[in-house]
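Trainee: There's a structure below that I have some questions on.
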Amino acid sequence: MAEARLQVIAGGAVPQEQLTTDPWQFQTMCVDAFVASWRARGFSPVTIDNDIGLLERTLTALGRPAWEVTPEDIDRVVGDLAVKGRATSTRREYVQIFKGFHRFLQARKAAEIEAAFGVRLGCPVDEFNASRHVGDDSPALLPPPTPERVNEFFSFMKQRIATARKYGPAARDYAMFRTLYHAGLRSEEASLLEKPDLHFTRGPFGKLHVRFGKGAHTSGPRPRWVPMLDGLDLVLRWFLEDVRPKFPDSQVLFADESGGSLHRGTVRNRLRYLMELEGRPPSERFSPHALRRACATHNYERGVDLVAIQQMLGHWTVSSTMRYVRPSATFIEDAYKRAVASTLAELTGKDTTA
């Protein structure tokens with residue numbers, strides 16, 4: 001009989017008995033590790049500080065360790081926020097930050113949690129309580145500002161630069177909101193831009209390297225290249241040469257007065273403040289995200305391919321881009337006129353649009 005060559009070695013990656021670990025202390029350690037992963041991915045300190053606060057408020061509201069949270073707990077917290085009148089976007093942020101933290105636990109801490117607390121992780125965010133990306137300013141409800149309205153707002157901002165008490169912030173706001181509109185960026189994507197992300201010699205128009213594009217389903221940053229269309233390259237050259245030197249030296253492109261990154265909430269508040277100064281009625285005001293939807297709609301109306309707009313906005317699917325496109329009331333008639341004019345030009349050899 002051949003000599004046996006297999007033997008049992010004591011030990012193992014996962015202990016056979018539950019560990020006596022304090023759940024709240026362990027969760028605190030997990031939160032610290034989760035935050036460390038944000039730093040490793042390059043998120044700005046301002047973004048990290050705001051998201052830490054949001055995560056801590058979410059976990060406190062849930063009232064139990066994350067691995068013990070049930071779908072009913074999520075329903076309760078979101079329902080309480082709704083009763084308190086919190087915006088849809090705020091409720092969505094609570095759900096998303098918890099979902100991201102739970103994904104981290106599943107990827108990094110699942111074996112330890114099962115060994116210590118006897119819990120096999122399963123995300124309590126399901127199809128019935130998952131946040132819907134629909135709010136008061138949703139693309140499904142409100143049309144984006146028209147090209148004429150956007151141009152009027154930028155004209156107001158341009159005039160304000162000459163009379164503002166502080167030239168630097170006024171000029172920065174003008175360049176930043178022009179970037180949101182012409183490049184279709186999210187507020188946070190613009191706030192995380194750095195000076196080396198501007199590549200004026202790349203492609204026929206120059207390109208922005210959006211290194212921290214929003215990833216689908218909390219999958220982390222998804223970088224993309226966005227062309228500087230409609231003269232955005234000229235605006236950003238002016239900004240770099242004439243405006244940015246008036247702020248403290250740092251890599252941040254659209255810096256605050258200390259040289260740090262603007263938080264997305266600050267971007268939203270700045271736009272609200274500027275439109276109050278403009279004095280237009282509330283019905284003609286819009287959010288930073290509405291500028292992104294306007295970018296999609298206006299490019300689509302002038303014939304830009306839908307897939308190109310999808311790539312520009314960084315959407316995972318074309319169906320997401322279609323939710324952003326809200327053509328004007330005369331879109332069909334305008335498209336018909338262009339088609340007829342093009343056909344007549346081919347038949348007659350004359351340009352009928354002149």
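Identifiers for the structure tokens are assigned positionally: chains receive A, B, ... in sequence, residues are indexed from 1 per chain, and ligands are indexed from 1 in the order shown.
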Within 10 Å of region 46-56 of chain A, counting only C-alpha atoms, which residues qualify if same-chain residues fewer than 2 places away don't, as a ChimeraX atom specification?

Mentor: /A:28,31-32,34-36,38-39,42-44,58-62,90,93-98,100-101,188,191-192,260-265

Trainee: Set the distance at 12 Å and use only C-alpha atoms: which residues neighbour Leu291 (chain A) once local chain neighbours fewer than 2 positions away are removed? I'd like the list as number ranges by chain.

Mentor: A: 137, 139, 143-147, 149-151, 153-154, 176-187, 268, 271, 285-289, 293-298, 313, 324-325

Trainee: Within 12 Å of Phe200 (chain A), counting only C-alpha atoms, which residues qualify if same-chain residues fewer than 2 places away don't, as a VMD selection string?

Mentor: chain A and resid 195 to 198 202 to 209 226 to 229 231 to 237 240

Trainee: Please identify all polymer residues within 8 Å of Arg244 (chain A), counting only C-alpha atoms, omitting same-chain residues fewer than 2 positions from it, and present them as a PyMOL selection string.

Mentor: chain A and resi 168+172+239-242+246-247+253-254

Trainee: In Å, with one decimal, what is the gap from CA of Trp238 (chain A) to CA of Pro223 (chain A)?

Mentor: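 Atom-to-atom, CA of Trp238 (chain A) to CA of Pro223 (chain A), that is 25.1 Å.
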
Trainee: Tell me, as a list in words, which residues lie within 8 Å of Ala171 (chain A), counting only C-alpha atoms; anything in the same chain fewer than 2 positions away does not count.

Mentor: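 Non-adjacent residues within range: Lys158, Ile161, Tyr167, Gly168, Pro169, Asp173, Tyr174, Ala175, Phe239 and Val243 of chain A.
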